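File shown: upload_15.pdb. Contents: PDB, C-alpha atoms and all ligand atoms.
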ATOM      1  CA  MET A   1      -6.919  62.731  35.526  1.00  0.00           C
ATOM      2  CA  SER A   2      -7.194  62.945  39.286  1.00  0.00           C
ATOM      3  CA  HIS A   3      -6.557  59.685  41.060  1.00  0.00           C
ATOM      4  CA  LEU A   4      -9.205  57.251  42.266  1.00  0.00           C
ATOM      5  CA  VAL A   5      -9.668  55.519  45.619  1.00  0.00           C
ATOM      6  CA  ALA A   6     -10.981  51.979  46.064  1.00  0.00           C
ATOM      7  CA  PRO A   7     -11.535  50.935  49.700  1.00  0.00           C
ATOM      8  CA  SER A   8     -10.869  47.214  50.187  1.00  0.00           C
ATOM      9  CA  LEU A   9     -13.699  45.416  51.940  1.00  0.00           C
ATOM     10  CA  LEU A  10     -11.297  42.795  53.269  1.00  0.00           C
ATOM     11  CA  ALA A  11     -10.728  45.055  56.267  1.00  0.00           C
ATOM     12  CA  ALA A  12     -14.428  45.840  56.800  1.00  0.00           C
ATOM     13  CA  ASP A  13     -16.638  44.530  59.591  1.00  0.00           C
ATOM     14  CA  PHE A  14     -18.252  41.516  57.923  1.00  0.00           C
ATOM     15  CA  ALA A  15     -20.971  41.347  60.573  1.00  0.00           C
ATOM     16  CA  ASN A  16     -22.076  44.788  59.402  1.00  0.00           C
ATOM     17  CA  LEU A  17     -21.309  44.577  55.730  1.00  0.00           C
ATOM     18  CA  ALA A  18     -24.413  46.484  54.651  1.00  0.00           C
ATOM     19  CA  SER A  19     -23.522  49.531  56.717  1.00  0.00           C
ATOM     20  CA  GLU A  20     -19.901  49.353  55.541  1.00  0.00           C
ATOM     21  CA  VAL A  21     -21.077  49.409  51.909  1.00  0.00           C
ATOM     22  CA  GLU A  22     -23.458  52.263  52.752  1.00  0.00           C
ATOM     23  CA  MET A  23     -20.529  54.190  54.197  1.00  0.00           C
ATOM     24  CA  ILE A  24     -18.607  53.707  50.934  1.00  0.00           C
ATOM     25  CA  ASN A  25     -21.685  54.677  48.892  1.00  0.00           C
ATOM     26  CA  ASP A  26     -21.954  57.925  50.826  1.00  0.00           C
ATOM     27  CA  SER A  27     -18.218  58.651  50.730  1.00  0.00           C
ATOM     28  CA  GLU A  28     -15.991  60.064  47.999  1.00  0.00           C
ATOM     29  CA  ALA A  29     -14.734  56.569  47.134  1.00  0.00           C
ATOM     30  CA  ASP A  30     -14.696  55.780  43.423  1.00  0.00           C
ATOM     31  CA  TRP A  31     -14.843  51.987  43.455  1.00  0.00           C
ATOM     32  CA  ILE A  32     -15.211  49.129  45.938  1.00  0.00           C
ATOM     33  CA  HIS A  33     -12.293  46.664  45.961  1.00  0.00           C
ATOM     34  CA  LEU A  34     -13.107  43.008  46.677  1.00  0.00           C
ATOM     35  CA  ASP A  35     -10.361  40.453  47.339  1.00  0.00           C
ATOM     36  CA  ILE A  36     -11.090  36.875  46.355  1.00  0.00           C
ATOM     37  CA  MET A  37      -8.651  34.374  47.911  1.00  0.00           C
ATOM     38  CA  ASP A  38      -8.764  30.626  47.376  1.00  0.00           C
ATOM     39  CA  GLY A  39      -6.298  29.246  49.914  1.00  0.00           C
ATOM     40  CA  LEU A  40      -4.117  27.971  47.049  1.00  0.00           C
ATOM     41  CA  PHE A  41      -2.704  30.955  45.200  1.00  0.00           C
ATOM     42  CA  VAL A  42      -2.448  32.711  48.561  1.00  0.00           C
ATOM     43  CA  PRO A  43      -2.356  31.203  52.065  1.00  0.00           C
ATOM     44  CA  ASN A  44      -5.735  32.634  53.015  1.00  0.00           C
ATOM     45  CA  ILE A  45      -9.416  32.266  52.099  1.00  0.00           C
ATOM     46  CA  SER A  46     -11.629  35.349  51.965  1.00  0.00           C
ATOM     47  CA  PHE A  47     -15.122  35.157  50.445  1.00  0.00           C
ATOM     48  CA  GLY A  48     -16.870  34.162  47.240  1.00  0.00           C
ATOM     49  CA  PHE A  49     -19.857  34.732  44.985  1.00  0.00           C
ATOM     50  CA  PRO A  50     -22.653  35.174  47.578  1.00  0.00           C
ATOM     51  CA  VAL A  51     -20.759  38.011  49.228  1.00  0.00           C
ATOM     52  CA  VAL A  52     -19.889  39.685  45.912  1.00  0.00           C
ATOM     53  CA  GLU A  53     -23.555  39.436  44.873  1.00  0.00           C
ATOM     54  CA  ALA A  54     -24.754  40.882  48.172  1.00  0.00           C
ATOM     55  CA  VAL A  55     -22.311  43.779  47.919  1.00  0.00           C
ATOM     56  CA  SER A  56     -23.312  44.352  44.301  1.00  0.00           C
ATOM     57  CA  ASP A  57     -26.976  44.630  45.301  1.00  0.00           C
ATOM     58  CA  LEU A  58     -26.126  47.335  47.838  1.00  0.00           C
ATOM     59  CA  ALA A  59     -23.318  49.182  46.088  1.00  0.00           C
ATOM     60  CA  SER A  60     -23.752  52.361  44.087  1.00  0.00           C
ATOM     61  CA  LYS A  61     -20.108  52.260  42.926  1.00  0.00           C
ATOM     62  CA  PRO A  62     -18.324  49.919  40.506  1.00  0.00           C
ATOM     63  CA  LEU A  63     -16.969  46.671  41.940  1.00  0.00           C
ATOM     64  CA  ASP A  64     -13.231  46.209  41.449  1.00  0.00           C
ATOM     65  CA  VAL A  65     -12.731  42.470  41.911  1.00  0.00           C
ATOM     66  CA  HIS A  66      -9.203  41.173  42.508  1.00  0.00           C
ATOM     67  CA  LEU A  67      -8.817  37.428  41.994  1.00  0.00           C
ATOM     68  CA  MET A  68      -6.010  35.837  43.984  1.00  0.00           C
ATOM     69  CA  ILE A  69      -6.956  32.372  42.796  1.00  0.00           C
ATOM     70  CA  VAL A  70      -5.445  29.642  40.639  1.00  0.00           C
ATOM     71  CA  ASP A  71      -6.997  28.964  37.231  1.00  0.00           C
ATOM     72  CA  PRO A  72      -9.255  32.054  37.212  1.00  0.00           C
ATOM     73  CA  ASP A  73     -10.596  31.201  33.716  1.00  0.00           C
ATOM     74  CA  ARG A  74     -13.100  28.846  35.361  1.00  0.00           C
ATOM     75  CA  TYR A  75     -14.933  31.714  37.043  1.00  0.00           C
ATOM     76  CA  LEU A  76     -14.780  34.803  34.819  1.00  0.00           C
ATOM     77  CA  GLU A  77     -18.419  34.674  33.760  1.00  0.00           C
ATOM     78  CA  ARG A  78     -19.638  34.029  37.296  1.00  0.00           C
ATOM     79  CA  PHE A  79     -17.844  37.112  38.567  1.00  0.00           C
ATOM     80  CA  ARG A  80     -19.384  39.139  35.752  1.00  0.00           C
ATOM     81  CA  ASP A  81     -22.812  37.819  36.744  1.00  0.00           C
ATOM     82  CA  ALA A  82     -22.056  38.576  40.407  1.00  0.00           C
ATOM     83  CA  GLY A  83     -21.521  42.234  39.530  1.00  0.00           C
ATOM     84  CA  ALA A  84     -17.826  42.820  38.762  1.00  0.00           C
ATOM     85  CA  SER A  85     -17.009  45.878  36.617  1.00  0.00           C
ATOM     86  CA  TYR A  86     -13.248  45.473  36.801  1.00  0.00           C
ATOM     87  CA  LEU A  87     -11.870  41.941  36.985  1.00  0.00           C
ATOM     88  CA  THR A  88      -8.184  41.548  37.780  1.00  0.00           C
ATOM     89  CA  VAL A  89      -6.292  38.267  37.536  1.00  0.00           C
ATOM     90  CA  GLN A  90      -2.833  37.574  38.882  1.00  0.00           C
ATOM     91  CA  PHE A  91      -0.161  37.343  36.187  1.00  0.00           C
ATOM     92  CA  GLU A  92       1.404  34.441  38.085  1.00  0.00           C
ATOM     93  CA  ALA A  93      -1.849  32.433  38.009  1.00  0.00           C
ATOM     94  CA  CYS A  94      -2.381  32.530  34.232  1.00  0.00           C
ATOM     95  CA  ASN A  95      -0.752  30.287  31.648  1.00  0.00           C
ATOM     96  CA  HIS A  96      -2.540  31.939  28.728  1.00  0.00           C
ATOM     97  CA  LEU A  97      -2.979  35.498  29.889  1.00  0.00           C
ATOM     98  CA  HIS A  98      -3.942  36.935  26.501  1.00  0.00           C
ATOM     99  CA  ARG A  99      -6.825  34.485  26.266  1.00  0.00           C
ATOM    100  CA  THR A 100      -7.928  35.303  29.813  1.00  0.00           C
ATOM    101  CA  VAL A 101      -7.968  39.097  29.430  1.00  0.00           C
ATOM    102  CA  THR A 102      -9.622  38.866  26.017  1.00  0.00           C
ATOM    103  CA  GLU A 103     -12.383  36.790  27.581  1.00  0.00           C
ATOM    104  CA  ILE A 104     -12.810  39.255  30.466  1.00  0.00           C
ATOM    105  CA  ARG A 105     -13.353  42.053  27.950  1.00  0.00           C
ATOM    106  CA  ARG A 106     -15.634  39.919  25.770  1.00  0.00           C
ATOM    107  CA  LEU A 107     -17.806  39.397  28.848  1.00  0.00           C
ATOM    108  CA  GLY A 108     -18.164  43.168  29.137  1.00  0.00           C
ATOM    109  CA  MET A 109     -15.778  43.853  32.017  1.00  0.00           C
ATOM    110  CA  LYS A 110     -12.586  45.884  32.231  1.00  0.00           C
ATOM    111  CA  ALA A 111      -9.548  43.640  32.385  1.00  0.00           C
ATOM    112  CA  GLY A 112      -6.801  44.007  34.979  1.00  0.00           C
ATOM    113  CA  VAL A 113      -3.555  42.111  35.534  1.00  0.00           C
ATOM    114  CA  ALA A 114      -1.906  42.010  38.964  1.00  0.00           C
ATOM    115  CA  LEU A 115       1.812  41.554  39.530  1.00  0.00           C
ATOM    116  CA  ASN A 116       3.237  40.127  42.733  1.00  0.00           C
ATOM    117  CA  PRO A 117       6.091  42.037  44.388  1.00  0.00           C
ATOM    118  CA  HIS A 118       8.699  39.644  42.950  1.00  0.00           C
ATOM    119  CA  SER A 119       7.459  39.925  39.350  1.00  0.00           C
ATOM    120  CA  PRO A 120       9.204  42.620  37.267  1.00  0.00           C
ATOM    121  CA  VAL A 121       6.952  44.957  35.297  1.00  0.00           C
ATOM    122  CA  ILE A 122       8.609  44.018  31.993  1.00  0.00           C
ATOM    123  CA  LEU A 123       6.612  40.773  32.181  1.00  0.00           C
ATOM    124  CA  ILE A 124       3.400  42.554  31.276  1.00  0.00           C
ATOM    125  CA  LYS A 125       4.794  44.732  28.454  1.00  0.00           C
ATOM    126  CA  ASP A 126       3.240  42.681  25.649  1.00  0.00           C
ATOM    127  CA  ILE A 127      -0.190  42.456  27.283  1.00  0.00           C
ATOM    128  CA  LEU A 128      -0.616  46.226  27.773  1.00  0.00           C
ATOM    129  CA  PRO A 129      -2.515  46.744  24.480  1.00  0.00           C
ATOM    130  CA  TYR A 130      -5.166  44.272  25.654  1.00  0.00           C
ATOM    131  CA  ILE A 131      -5.907  45.420  29.197  1.00  0.00           C
ATOM    132  CA  ASP A 132      -7.396  48.340  31.123  1.00  0.00           C
ATOM    133  CA  MET A 133      -5.417  48.222  34.357  1.00  0.00           C
ATOM    134  CA  VAL A 134      -2.244  46.898  35.967  1.00  0.00           C
ATOM    135  CA  LEU A 135      -2.444  46.216  39.692  1.00  0.00           C
ATOM    136  CA  LEU A 136       0.924  46.333  41.417  1.00  0.00           C
ATOM    137  CA  MET A 137       0.908  44.329  44.632  1.00  0.00           C
ATOM    138  CA  THR A 138       2.853  46.386  47.144  1.00  0.00           C
ATOM    139  CA  VAL A 139       2.708  43.642  49.770  1.00  0.00           C
ATOM    140  CA  ASN A 140       2.684  39.874  49.330  1.00  0.00           C
ATOM    141  CA  PRO A 141      -0.951  39.057  48.626  1.00  0.00           C
ATOM    142  CA  GLY A 142      -3.068  37.182  51.127  1.00  0.00           C
ATOM    143  CA  TYR A 143      -3.622  39.499  54.058  1.00  0.00           C
ATOM    144  CA  GLY A 144      -4.602  43.042  54.869  1.00  0.00           C
ATOM    145  CA  GLY A 145      -2.657  45.228  57.251  1.00  0.00           C
ATOM    146  CA  GLN A 146       0.856  44.449  55.991  1.00  0.00           C
ATOM    147  CA  THR A 147       3.701  46.911  55.510  1.00  0.00           C
ATOM    148  CA  PHE A 148       4.194  48.554  52.113  1.00  0.00           C
ATOM    149  CA  ILE A 149       7.300  47.268  50.273  1.00  0.00           C
ATOM    150  CA  PRO A 150       9.362  50.415  49.524  1.00  0.00           C
ATOM    151  CA  GLY A 151      10.997  49.014  46.352  1.00  0.00           C
ATOM    152  CA  SER A 152       7.552  49.250  44.757  1.00  0.00           C
ATOM    153  CA  PHE A 153       8.236  52.894  43.876  1.00  0.00           C
ATOM    154  CA  ASN A 154      10.785  51.840  41.238  1.00  0.00           C
ATOM    155  CA  LYS A 155       8.229  49.510  39.691  1.00  0.00           C
ATOM    156  CA  ILE A 156       5.605  52.247  39.561  1.00  0.00           C
ATOM    157  CA  GLY A 157       8.049  54.538  37.737  1.00  0.00           C
ATOM    158  CA  GLU A 158       9.035  51.855  35.241  1.00  0.00           C
ATOM    159  CA  LEU A 159       5.427  50.935  34.561  1.00  0.00           C
ATOM    160  CA  ARG A 160       4.395  54.593  34.204  1.00  0.00           C
ATOM    161  CA  SER A 161       7.099  55.088  31.538  1.00  0.00           C
ATOM    162  CA  MET A 162       6.146  51.895  29.733  1.00  0.00           C
ATOM    163  CA  ILE A 163       2.470  52.894  29.581  1.00  0.00           C
ATOM    164  CA  ASP A 164       3.133  56.506  28.581  1.00  0.00           C
ATOM    165  CA  GLU A 165       5.745  55.640  25.942  1.00  0.00           C
ATOM    166  CA  GLY A 166       3.404  53.076  24.399  1.00  0.00           C
ATOM    167  CA  GLY A 167       0.470  55.498  24.516  1.00  0.00           C
ATOM    168  CA  TYR A 168      -1.730  52.923  26.249  1.00  0.00           C
ATOM    169  CA  GLU A 169      -4.877  53.774  28.181  1.00  0.00           C
ATOM    170  CA  VAL A 170      -4.043  51.566  31.121  1.00  0.00           C
ATOM    171  CA  LEU A 171      -4.569  52.510  34.758  1.00  0.00           C
ATOM    172  CA  ILE A 172      -1.986  51.768  37.437  1.00  0.00           C
ATOM    173  CA  GLU A 173      -3.501  50.529  40.689  1.00  0.00           C
ATOM    174  CA  VAL A 174      -1.510  49.833  43.854  1.00  0.00           C
ATOM    175  CA  ASP A 175      -2.703  47.444  46.534  1.00  0.00           C
ATOM    176  CA  GLY A 176      -1.238  46.769  49.960  1.00  0.00           C
ATOM    177  CA  GLY A 177       0.028  48.983  52.746  1.00  0.00           C
ATOM    178  CA  VAL A 178      -1.379  52.200  51.297  1.00  0.00           C
ATOM    179  CA  ASP A 179      -1.743  54.859  54.008  1.00  0.00           C
ATOM    180  CA  LEU A 180      -2.167  58.597  54.379  1.00  0.00           C
ATOM    181  CA  HIS A 181       1.607  59.073  54.439  1.00  0.00           C
ATOM    182  CA  ASN A 182       2.553  57.213  51.252  1.00  0.00           C
ATOM    183  CA  ALA A 183      -0.607  57.993  49.246  1.00  0.00           C
ATOM    184  CA  PRO A 184       0.570  61.407  47.928  1.00  0.00           C
ATOM    185  CA  MET A 185       3.968  59.939  46.997  1.00  0.00           C
ATOM    186  CA  LEU A 186       2.297  57.088  45.151  1.00  0.00           C
ATOM    187  CA  VAL A 187       0.145  59.492  43.157  1.00  0.00           C
ATOM    188  CA  HIS A 188       3.233  61.586  42.406  1.00  0.00           C
ATOM    189  CA  ALA A 189       5.006  58.474  41.165  1.00  0.00           C
ATOM    190  CA  GLY A 190       2.216  57.880  38.664  1.00  0.00           C
ATOM    191  CA  VAL A 191      -0.451  55.799  40.374  1.00  0.00           C
ATOM    192  CA  ASP A 192      -4.046  56.201  39.152  1.00  0.00           C
ATOM    193  CA  VAL A 193      -5.940  54.067  41.683  1.00  0.00           C
ATOM    194  CA  LEU A 194      -5.201  53.617  45.397  1.00  0.00           C
ATOM    195  CA  VAL A 195      -6.596  50.539  47.145  1.00  0.00           C
ATOM    196  CA  ALA A 196      -6.755  50.910  50.910  1.00  0.00           C
ATOM    197  CA  GLY A 197      -8.134  48.414  53.413  1.00  0.00           C
ATOM    198  CA  SER A 198      -6.951  48.803  56.979  1.00  0.00           C
ATOM    199  CA  THR A 199      -6.107  52.488  56.563  1.00  0.00           C
ATOM    200  CA  VAL A 200      -9.784  53.146  55.837  1.00  0.00           C
ATOM    201  CA  PHE A 201     -11.557  50.662  58.074  1.00  0.00           C
ATOM    202  CA  SER A 202      -9.267  50.950  61.109  1.00  0.00           C
ATOM    203  CA  SER A 203      -9.633  54.695  61.205  1.00  0.00           C
ATOM    204  CA  SER A 204     -12.081  56.438  63.515  1.00  0.00           C
ATOM    205  CA  ASP A 205     -13.762  58.154  60.551  1.00  0.00           C
ATOM    206  CA  PRO A 206     -13.512  55.946  57.442  1.00  0.00           C
ATOM    207  CA  ALA A 207     -15.367  58.376  55.143  1.00  0.00           C
ATOM    208  CA  GLU A 208     -13.030  61.193  56.153  1.00  0.00           C
ATOM    209  CA  THR A 209     -10.013  58.919  55.568  1.00  0.00           C
ATOM    210  CA  ILE A 210     -11.319  58.150  52.078  1.00  0.00           C
ATOM    211  CA  ARG A 211     -11.692  61.881  51.449  1.00  0.00           C
ATOM    212  CA  ARG A 212      -8.113  62.500  52.566  1.00  0.00           C
ATOM    213  CA  LEU A 213      -6.756  59.639  50.425  1.00  0.00           C
ATOM    214  CA  ARG A 214      -8.542  61.155  47.478  1.00  0.00           C
ATOM    215  CA  GLU A 215      -7.268  64.713  47.942  1.00  0.00           C
ATOM    216  CA  PRO A 216      -5.413  66.035  44.889  1.00  0.00           C
ATOM    217  CA  VAL A 217      -1.622  66.130  45.384  1.00  0.00           C
TER     218      VAL A 217
HETATM  219  C1  LIG B 301      -3.999  41.872  49.948  1.00  0.00           C
HETATM  220  C2  LIG B 301      -5.201  42.397  49.236  1.00  0.00           C
HETATM  221  C3  LIG B 301      -5.464  43.823  49.500  1.00  0.00           C
HETATM  222  C4  LIG B 301      -5.750  44.142  50.949  1.00  0.00           C
HETATM  223  C5  LIG B 301      -5.077  45.453  51.233  1.00  0.00           C
HETATM  224  O1  LIG B 301      -3.702  40.595  49.533  1.00  0.00           O
HETATM  225  O2  LIG B 301      -5.081  42.245  47.813  1.00  0.00           O
HETATM  226  O3  LIG B 301      -6.488  44.361  48.677  1.00  0.00           O
HETATM  227  O4  LIG B 301      -7.113  44.252  51.242  1.00  0.00           O
HETATM  228  O5  LIG B 301      -5.129  45.666  52.590  1.00  0.00           O
HETATM  229  P1  LIG B 301      -4.330  46.839  53.299  1.00  0.00           P
HETATM  230  O6  LIG B 301      -4.743  48.120  52.640  1.00  0.00           O
HETATM  231  O7  LIG B 301      -4.767  46.719  54.709  1.00  0.00           O
HETATM  232  O8  LIG B 301      -2.861  46.556  53.099  1.00  0.00           O
HETATM  233 ZN    ZN B 302      -6.614  43.417  46.473  1.00  0.00          ZN
END
Kindly return the structure encoded in the file as structure tokens.
Amino acid sequence: MSHLVAPSLLAADFANLASEVEMINDSEADWIHLDIMDGLFVPNISFGFPVVEAVSDLASKPLDVHLMIVDPDRYLERFRDAGASYLTVQFEACNHLHRTVTEIRRLGMKAGVALNPHSPVILIKDILPYIDMVLLMTVNPGYGGQTFIPGSFNKIGELRSMIDEGGYEVLIEVDGGVDLHNAPMLVHAGVDVLVAGSTVFSSSDPAETIRRLREPV
């Protein structure tokens, strides 16, 4: 499978959100990544349901919603109703992760689990049969525009082996500090989905940057 690209709207111009979504619609992007931050799990607040709903109304691509919030079980159904196709919860925010991912799938969404940079990949070994995607945070969550943590490459390799040896159909997504330089190396290391915020939206030609991120390696 060739890899996918999910531009993160966190870095978009919120005063012109409709045209930013149009740009993604017309680009080679595969999904649209939306970061939900509650000011508790991470030291930042982003946006909530009205914005997800508005994006969903405009978007022609699946919404990849990344919850950086405590107690995400309270809101799974509302994110489904707002338009999420993929719903990813943080491993560190869930006390009963199996219950949470089972519920995400029961609601008709694909279930993802995100791991913070300090969390070893072995932690999610037993949940792999029940999920569709693992999101490896390659920066500390909370802000766009941070520097990629190089040690993440070891984690990608370990996770790739774990998934392949178990024969699971689970995608590996990386999120944070993805740029045109490290993207080919990440795909080589086994990544299936690249999230990119500032690399896309700070570039002079975002659609062309998406195309370059998506180029086969
Ligand atoms: C960070 C978010 C990311 C963020 C990535 O907490 O989860 O999705 O938008 O931004 P960049 O690509 O700028 O590092
Ligand atoms: Zn994210």
CA of Asp57 in chain A to CA of Tyr130 in chain A, straight-line distance in Å: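 Result for CA of Tyr130 in chain A versus CA of Asp57 in chain A: 29.4 Å, one decimal.
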Long-range neighbours of range 33-45 of chain A as number ranges by chain, 10 Å cut-off, all atoms listed in the file, 3 positions minimum in chain: A: 5-10, 30, 48-49, 51-52, 55, 62-71, 84, 86-88, 90, 92-93, 140-144, 175, 194-197
Keeping C-alpha atoms, export the residues of the selection given above as an mmCIF file, in the frame of the given file.
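Result written to out-v4.cif:
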data_model
loop_
_atom_site.group_PDB
_atom_site.id
_atom_site.type_symbol
_atom_site.label_atom_id
_atom_site.label_comp_id
_atom_site.auth_asym_id
_atom_site.auth_seq_id
_atom_site.Cartn_x
_atom_site.Cartn_y
_atom_site.Cartn_z
ATOM 1 C CA VAL A 5 -9.668 55.519 45.619
ATOM 2 C CA ALA A 6 -10.981 51.979 46.064
ATOM 3 C CA PRO A 7 -11.535 50.935 49.700
ATOM 4 C CA SER A 8 -10.869 47.214 50.187
ATOM 5 C CA LEU A 9 -13.699 45.416 51.940
ATOM 6 C CA LEU A 10 -11.297 42.795 53.269
ATOM 7 C CA ASP A 30 -14.696 55.780 43.423
ATOM 8 C CA GLY A 48 -16.870 34.162 47.240
ATOM 9 C CA PHE A 49 -19.857 34.732 44.985
ATOM 10 C CA VAL A 51 -20.759 38.011 49.228
ATOM 11 C CA VAL A 52 -19.889 39.685 45.912
ATOM 12 C CA VAL A 55 -22.311 43.779 47.919
ATOM 13 C CA PRO A 62 -18.324 49.919 40.506
ATOM 14 C CA LEU A 63 -16.969 46.671 41.940
ATOM 15 C CA ASP A 64 -13.231 46.209 41.449
ATOM 16 C CA VAL A 65 -12.731 42.470 41.911
ATOM 17 C CA HIS A 66 -9.203 41.173 42.508
ATOM 18 C CA LEU A 67 -8.817 37.428 41.994
ATOM 19 C CA MET A 68 -6.010 35.837 43.984
ATOM 20 C CA ILE A 69 -6.956 32.372 42.796
ATOM 21 C CA VAL A 70 -5.445 29.642 40.639
ATOM 22 C CA ASP A 71 -6.997 28.964 37.231
ATOM 23 C CA ALA A 84 -17.826 42.820 38.762
ATOM 24 C CA TYR A 86 -13.248 45.473 36.801
ATOM 25 C CA LEU A 87 -11.870 41.941 36.985
ATOM 26 C CA THR A 88 -8.184 41.548 37.780
ATOM 27 C CA GLN A 90 -2.833 37.574 38.882
ATOM 28 C CA GLU A 92 1.404 34.441 38.085
ATOM 29 C CA ALA A 93 -1.849 32.433 38.009
ATOM 30 C CA ASN A 140 2.684 39.874 49.330
ATOM 31 C CA PRO A 141 -0.951 39.057 48.626
ATOM 32 C CA GLY A 142 -3.068 37.182 51.127
ATOM 33 C CA TYR A 143 -3.622 39.499 54.058
ATOM 34 C CA GLY A 144 -4.602 43.042 54.869
ATOM 35 C CA ASP A 175 -2.703 47.444 46.534
ATOM 36 C CA LEU A 194 -5.201 53.617 45.397
ATOM 37 C CA VAL A 195 -6.596 50.539 47.145
ATOM 38 C CA ALA A 196 -6.755 50.910 50.910
ATOM 39 C CA GLY A 197 -8.134 48.414 53.413
#
Between atom O2 of ligand LIG 301 (chain B) and CA of Asp126 in chain A - distance in Å to one decimal: 23.7 Å
For range 34-44 of chain A, I'd like the enclosing box, axis-aligned and padded by 8 Å on every side, reported as AutoDock Vina command-line options with centre and edge lengths in Å to one decimal.
--center_x -7.7 --center_y 35.5 --center_z 49.1 --size_x 26.8 --size_y 31.0 --size_z 23.8
Nearby residues, (7.0, 50.8, 44.7) file frame, 12 Å, all atoms listed in the file, as a PyMOL selection string: chain A and resi 115-118+120-121+135-139+147-160+172-178+182-183+185-191
Atom O5 of ligand LIG 301 (chain B) to CA of Thr102 in chain A, straight-line distance in Å: 27.8 Å
Hits from the PyMOL selection byres (((chain A and resi 25) around 7) and not hetatm), listed as number ranges by chain: A: 21-24, 26-27, 59-61
Considering all atoms listed in the file, return as an mmCIF file with C-alpha atoms, in the frame of the given file whatever protein or nucleic-acid residues lie within 9 Å of Glu53 in chain A, sequence-local ones (same chain, fewer than 6 positions apart) excluded.
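Heads up, here's the output in part.cif:
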data_model
loop_
_atom_site.group_PDB
_atom_site.id
_atom_site.type_symbol
_atom_site.label_atom_id
_atom_site.label_comp_id
_atom_site.auth_asym_id
_atom_site.auth_seq_id
_atom_site.Cartn_x
_atom_site.Cartn_y
_atom_site.Cartn_z
ATOM 1 C CA PHE A 79 -17.844 37.112 38.567
ATOM 2 C CA ASP A 81 -22.812 37.819 36.744
ATOM 3 C CA ALA A 82 -22.056 38.576 40.407
ATOM 4 C CA GLY A 83 -21.521 42.234 39.530
#
Residue nearest Val217 in chain A - candidates A:Trp31, A:Asp192, A:Asn16, A:Ile163, atoms counted: all atoms listed in the file: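 Ranked by minimum distance to Val217 in chain A, first place goes to A:Asp192.
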Give me the residues near range 202-213 of chain A as an mmCIF file with C-alpha atoms, keeping the file's coordinate frame, where near means some atom within 6 Å (using only C-alpha atoms) and where sequence neighbours in that chain fewer than 2 positions away do not count.
data_model
loop_
_atom_site.group_PDB
_atom_site.id
_atom_site.type_symbol
_atom_site.label_atom_id
_atom_site.label_comp_id
_atom_site.auth_asym_id
_atom_site.auth_seq_id
_atom_site.Cartn_x
_atom_site.Cartn_y
_atom_site.Cartn_z
ATOM 1 C CA SER A 27 -18.218 58.651 50.730
ATOM 2 C CA GLU A 28 -15.991 60.064 47.999
ATOM 3 C CA SER A 198 -6.951 48.803 56.979
ATOM 4 C CA THR A 199 -6.107 52.488 56.563
ATOM 5 C CA VAL A 200 -9.784 53.146 55.837
ATOM 6 C CA GLU A 215 -7.268 64.713 47.942
#
Nearest-residue call for ligand LIG 301 (chain B), choices A:Tyr168, A:Ser46, A:Pro216, A:Leu58, using only C-alpha atoms and all ligand atoms: A:Ser46
Hits of the PyMOL selection byres (((chain A and resi 108) around 10) and not hetatm) in this structure, as a list in words: Glu77, Arg80, Ala84, Ser85, Tyr86, Glu103, Ile104, Arg105, Arg106, Leu107, Met109, Lys110 and Ala111 of chain A
Dump of C-alpha atoms for the selected residues, as a PDB file, keeping the file's coordinate frame:
ATOM      1  CA  GLU A  77     -18.419  34.674  33.760  1.00  0.00           C
ATOM      2  CA  ARG A  80     -19.384  39.139  35.752  1.00  0.00           C
ATOM      3  CA  ALA A  84     -17.826  42.820  38.762  1.00  0.00           C
ATOM      4  CA  SER A  85     -17.009  45.878  36.617  1.00  0.00           C
ATOM      5  CA  TYR A  86     -13.248  45.473  36.801  1.00  0.00           C
ATOM      6  CA  GLU A 103     -12.383  36.790  27.581  1.00  0.00           C
ATOM      7  CA  ILE A 104     -12.810  39.255  30.466  1.00  0.00           C
ATOM      8  CA  ARG A 105     -13.353  42.053  27.950  1.00  0.00           C
ATOM      9  CA  ARG A 106     -15.634  39.919  25.770  1.00  0.00           C
ATOM     10  CA  LEU A 107     -17.806  39.397  28.848  1.00  0.00           C
ATOM     11  CA  MET A 109     -15.778  43.853  32.017  1.00  0.00           C
ATOM     12  CA  LYS A 110     -12.586  45.884  32.231  1.00  0.00           C
ATOM     13  CA  ALA A 111      -9.548  43.640  32.385  1.00  0.00           C
TER      14      ALA A 111
END
Selected residue of minimal separation from Leu180 in chain A among A:His3, A:Lys125, A:Arg214, A:His96, counting all atoms listed in the file: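 Looking at the shortest contact to Leu180 in chain A, the residue is A:Arg214.
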